[in-house]
Amino acid sequence: MKSELDYAKMLSVALAEARVGLAEGGIPIGAALFDANGVLVGAGHNRRVQNGDTSMHGETDAFRNAGRRRTYRDLIMVTTLAPCWYCSGLVRQFGFGTLVVGESRNFQGGLDWLRSLGVRVIDLDSEECASLLAAYIRTHPEVWNEDIGEE
């Protein structure tokens, strides 16, 4: 296993996915899964708007694209935004040991809960991730509020 993983480089994959989602007319949230050596095993982005599928968050898209695995404990989930409770549940259910978050300014999600369960949470506090989503929220507040379950 590599001694020093480049989390910023890993985040760049998730960020590229977020930009794809935005270009498709969706919410700019991306995610990627890496093995313990930093090798990409799956990536995806939020497709809730594009597909009309409330379950297609960035983390679930990346998870689906990674395919079935014997274990997920050694995988690293990287996401541009702190995961919502649904995606935090996915991290917990499948036992991911590490979660790398681009930012948690726009949304805190279940970070504290995941930490309390022993998940290693690394918040990179990326200005680029925060700005990309904040701009989307300003121009599409109704979509954002629907996505996080507010009325």
# chains A, B, ... in the order shown; residues from 1 in each chain; ligands from 1
call {"tool": "select_by_dssp", "arguments": {"residues": "segment 11-146 of chain A", "states": "helix (DSSP H, G or I)", "output": "PDB file with C-alpha atoms, in the first residue's frame"}}
result
ATOM      1  CA  LEU A  11     -10.896  14.583  -5.133  1.00  0.00           C
ATOM      2  CA  SER A  12     -10.132  15.875  -8.629  1.00  0.00           C
ATOM      3  CA  VAL A  13     -11.817  12.738 -10.037  1.00  0.00           C
ATOM      4  CA  ALA A  14     -14.963  13.398  -7.982  1.00  0.00           C
ATOM      5  CA  LEU A  15     -14.857  17.072  -8.949  1.00  0.00           C
ATOM      6  CA  ALA A  16     -14.669  16.160 -12.647  1.00  0.00           C
ATOM      7  CA  GLU A  17     -17.777  14.004 -12.117  1.00  0.00           C
ATOM      8  CA  ALA A  18     -19.543  16.938 -10.425  1.00  0.00           C
ATOM      9  CA  ARG A  19     -18.813  19.102 -13.478  1.00  0.00           C
ATOM     10  CA  VAL A  20     -20.240  16.410 -15.776  1.00  0.00           C
ATOM     11  CA  GLY A  21     -23.406  16.396 -13.686  1.00  0.00           C
ATOM     12  CA  LEU A  22     -23.677  20.171 -13.894  1.00  0.00           C
ATOM     13  CA  ALA A  23     -23.168  20.089 -17.687  1.00  0.00           C
ATOM     14  CA  ARG A  48     -31.360  12.838  -9.459  1.00  0.00           C
ATOM     15  CA  VAL A  49     -32.485  15.621 -11.786  1.00  0.00           C
ATOM     16  CA  GLN A  50     -31.344  14.015 -15.048  1.00  0.00           C
ATOM     17  CA  ASN A  51     -32.843  10.587 -14.334  1.00  0.00           C
ATOM     18  CA  GLY A  58     -23.113  10.859  -6.461  1.00  0.00           C
ATOM     19  CA  GLU A  59     -22.003   8.317  -3.875  1.00  0.00           C
ATOM     20  CA  THR A  60     -24.572   5.710  -4.966  1.00  0.00           C
ATOM     21  CA  ASP A  61     -23.636   6.216  -8.627  1.00  0.00           C
ATOM     22  CA  ALA A  62     -19.940   5.690  -7.849  1.00  0.00           C
ATOM     23  CA  PHE A  63     -20.812   2.684  -5.672  1.00  0.00           C
ATOM     24  CA  ARG A  64     -22.864   1.097  -8.456  1.00  0.00           C
ATOM     25  CA  ASN A  65     -20.128   1.770 -10.998  1.00  0.00           C
ATOM     26  CA  ALA A  66     -17.529   0.069  -8.780  1.00  0.00           C
ATOM     27  CA  TRP A  85     -27.942  10.664   5.643  1.00  0.00           C
ATOM     28  CA  TYR A  86     -28.827   8.283   2.810  1.00  0.00           C
ATOM     29  CA  CYS A  87     -25.234   8.203   1.530  1.00  0.00           C
ATOM     30  CA  SER A  88     -23.829   8.187   5.065  1.00  0.00           C
ATOM     31  CA  GLY A  89     -25.902   5.049   5.560  1.00  0.00           C
ATOM     32  CA  LEU A  90     -24.297   3.537   2.464  1.00  0.00           C
ATOM     33  CA  VAL A  91     -20.830   4.262   3.877  1.00  0.00           C
ATOM     34  CA  ARG A  92     -21.869   2.648   7.178  1.00  0.00           C
ATOM     35  CA  GLN A  93     -23.758  -0.293   5.694  1.00  0.00           C
ATOM     36  CA  LEU A 111     -20.071  13.382   9.240  1.00  0.00           C
ATOM     37  CA  ASP A 112     -20.250  13.426  13.035  1.00  0.00           C
ATOM     38  CA  TRP A 113     -22.281  10.210  13.068  1.00  0.00           C
ATOM     39  CA  LEU A 114     -19.777   8.469  10.775  1.00  0.00           C
ATOM     40  CA  ARG A 115     -16.872   9.641  12.927  1.00  0.00           C
ATOM     41  CA  SER A 116     -18.637   8.293  16.009  1.00  0.00           C
ATOM     42  CA  GLU A 127     -12.888  26.165  -2.014  1.00  0.00           C
ATOM     43  CA  GLU A 128     -13.545  24.855  -5.529  1.00  0.00           C
ATOM     44  CA  CYS A 129     -16.068  22.263  -4.318  1.00  0.00           C
ATOM     45  CA  ALA A 130     -17.775  24.747  -1.998  1.00  0.00           C
ATOM     46  CA  SER A 131     -18.028  27.463  -4.667  1.00  0.00           C
ATOM     47  CA  LEU A 132     -19.329  25.117  -7.353  1.00  0.00           C
ATOM     48  CA  LEU A 133     -22.197  23.886  -5.209  1.00  0.00           C
ATOM     49  CA  ALA A 134     -22.937  27.289  -3.626  1.00  0.00           C
ATOM     50  CA  ALA A 135     -23.384  28.798  -7.102  1.00  0.00           C
ATOM     51  CA  TYR A 136     -25.778  25.980  -8.001  1.00  0.00           C
ATOM     52  CA  ILE A 137     -27.783  26.437  -4.795  1.00  0.00           C
ATOM     53  CA  ARG A 138     -28.124  30.191  -5.482  1.00  0.00           C
ATOM     54  CA  THR A 139     -29.494  29.602  -8.971  1.00  0.00           C
ATOM     55  CA  PRO A 141     -32.750  26.720  -4.578  1.00  0.00           C
ATOM     56  CA  GLU A 142     -35.926  24.753  -5.275  1.00  0.00           C
ATOM     57  CA  VAL A 143     -33.988  21.783  -6.668  1.00  0.00           C
ATOM     58  CA  TRP A 144     -31.469  21.859  -3.827  1.00  0.00           C
ATOM     59  CA  ASN A 145     -34.146  22.025  -1.132  1.00  0.00           C
ATOM     60  CA  GLU A 146     -35.984  19.119  -2.755  1.00  0.00           C
TER      61      GLU A 146
END
call {"tool": "select_by_dssp", "arguments": {"residues": "segment 29-83 of chain A", "states": "strand (DSSP E)", "output": "ChimeraX atom specification"}}
result
/A:30-34,40-45,76-79
call {"tool": "atom_distance", "arguments": {"atom1": "atom CA of Thr71 of chain A", "atom2": "atom CA of Asp53 of chain A"}}
result
26.5 Å
call {"tool": "residues_around", "arguments": {"residues": "Thr98 of chain A", "least_positions_apart": "4", "cutoff": "9 Å", "atoms": "only C-alpha atoms", "output": "ChimeraX atom specification"}}
result
/A:73-78,91,119-122
call {"tool": "closest_residue", "arguments": {"among": "A:Gly38, A:Pro83, A:Gly25, A:Gly97", "to": "Gly109 of chain A", "atoms": "only C-alpha atoms"}}
result
A:Pro83
call {"tool": "closest_residue", "arguments": {"among": "A:His45, A:Arg69, A:Ala82, A:Leu40", "to": "Glu24 of chain A", "atoms": "only C-alpha atoms"}}
result
A:His45
call {"tool": "closest_residue", "arguments": {"among": "A:Gly67, A:Gly102, A:Pro28, A:Gly44", "to": "Thr80 of chain A", "atoms": "only C-alpha atoms"}}
result
A:Gly102
call {"tool": "decode", "arguments": {"residues": "segment 22-38 of chain A", "atoms": "N, CA and C atoms", "output": "PDB file, in the first residue's frame"}}
result
ATOM      1  N   LEU A  22     -23.222  18.805 -13.660  1.00  0.00           N
ATOM      2  CA  LEU A  22     -23.677  20.171 -13.894  1.00  0.00           C
ATOM      3  C   LEU A  22     -23.916  20.407 -15.384  1.00  0.00           C
ATOM      4  N   ALA A  23     -23.019  19.930 -16.235  1.00  0.00           N
ATOM      5  CA  ALA A  23     -23.168  20.089 -17.687  1.00  0.00           C
ATOM      6  C   ALA A  23     -24.410  19.363 -18.205  1.00  0.00           C
ATOM      7  N   GLU A  24     -24.821  18.302 -17.513  1.00  0.00           N
ATOM      8  CA  GLU A  24     -26.026  17.564 -17.883  1.00  0.00           C
ATOM      9  C   GLU A  24     -27.295  18.232 -17.361  1.00  0.00           C
ATOM     10  N   GLY A  25     -27.128  19.329 -16.602  1.00  0.00           N
ATOM     11  CA  GLY A  25     -28.281  20.017 -16.026  1.00  0.00           C
ATOM     12  C   GLY A  25     -28.625  19.564 -14.627  1.00  0.00           C
ATOM     13  N   GLY A  26     -27.724  18.831 -13.996  1.00  0.00           N
ATOM     14  CA  GLY A  26     -27.984  18.289 -12.667  1.00  0.00           C
ATOM     15  C   GLY A  26     -27.220  19.000 -11.570  1.00  0.00           C
ATOM     16  N   ILE A  27     -27.342  18.460 -10.373  1.00  0.00           N
ATOM     17  CA  ILE A  27     -26.697  18.995  -9.179  1.00  0.00           C
ATOM     18  C   ILE A  27     -25.217  18.617  -9.215  1.00  0.00           C
ATOM     19  N   PRO A  28     -24.309  19.579  -9.048  1.00  0.00           N
ATOM     20  CA  PRO A  28     -22.875  19.285  -9.178  1.00  0.00           C
ATOM     21  C   PRO A  28     -22.258  18.642  -7.934  1.00  0.00           C
ATOM     22  N   ILE A  29     -22.551  17.357  -7.774  1.00  0.00           N
ATOM     23  CA  ILE A  29     -21.956  16.568  -6.703  1.00  0.00           C
ATOM     24  C   ILE A  29     -21.392  15.303  -7.346  1.00  0.00           C
ATOM     25  N   GLY A  30     -20.117  15.058  -7.114  1.00  0.00           N
ATOM     26  CA  GLY A  30     -19.475  13.888  -7.685  1.00  0.00           C
ATOM     27  C   GLY A  30     -18.819  13.050  -6.612  1.00  0.00           C
ATOM     28  N   ALA A  31     -18.548  11.798  -6.959  1.00  0.00           N
ATOM     29  CA  ALA A  31     -17.913  10.886  -6.010  1.00  0.00           C
ATOM     30  C   ALA A  31     -17.052   9.882  -6.771  1.00  0.00           C
ATOM     31  N   ALA A  32     -16.124   9.289  -6.052  1.00  0.00           N
ATOM     32  CA  ALA A  32     -15.265   8.258  -6.624  1.00  0.00           C
ATOM     33  C   ALA A  32     -14.829   7.306  -5.524  1.00  0.00           C
ATOM     34  N   LEU A  33     -14.605   6.067  -5.896  1.00  0.00           N
ATOM     35  CA  LEU A  33     -14.121   5.050  -4.970  1.00  0.00           C
ATOM     36  C   LEU A  33     -12.735   4.617  -5.407  1.00  0.00           C
ATOM     37  N   PHE A  34     -11.845   4.520  -4.433  1.00  0.00           N
ATOM     38  CA  PHE A  34     -10.469   4.117  -4.684  1.00  0.00           C
ATOM     39  C   PHE A  34     -10.118   2.951  -3.773  1.00  0.00           C
ATOM     40  N   ASP A  35      -9.194   2.111  -4.246  1.00  0.00           N
ATOM     41  CA  ASP A  35      -8.716   1.056  -3.361  1.00  0.00           C
ATOM     42  C   ASP A  35      -7.650   1.625  -2.428  1.00  0.00           C
ATOM     43  N   ALA A  36      -7.119   0.797  -1.568  1.00  0.00           N
ATOM     44  CA  ALA A  36      -6.166   1.250  -0.556  1.00  0.00           C
ATOM     45  C   ALA A  36      -4.873   1.784  -1.148  1.00  0.00           C
ATOM     46  N   ASN A  37      -4.590   1.462  -2.420  1.00  0.00           N
ATOM     47  CA  ASN A  37      -3.399   1.962  -3.099  1.00  0.00           C
ATOM     48  C   ASN A  37      -3.670   3.222  -3.913  1.00  0.00           C
ATOM     49  N   GLY A  38      -4.911   3.700  -3.855  1.00  0.00           N
ATOM     50  CA  GLY A  38      -5.257   4.906  -4.596  1.00  0.00           C
ATOM     51  C   GLY A  38      -5.675   4.657  -6.032  1.00  0.00           C
TER      52      GLY A  38
END
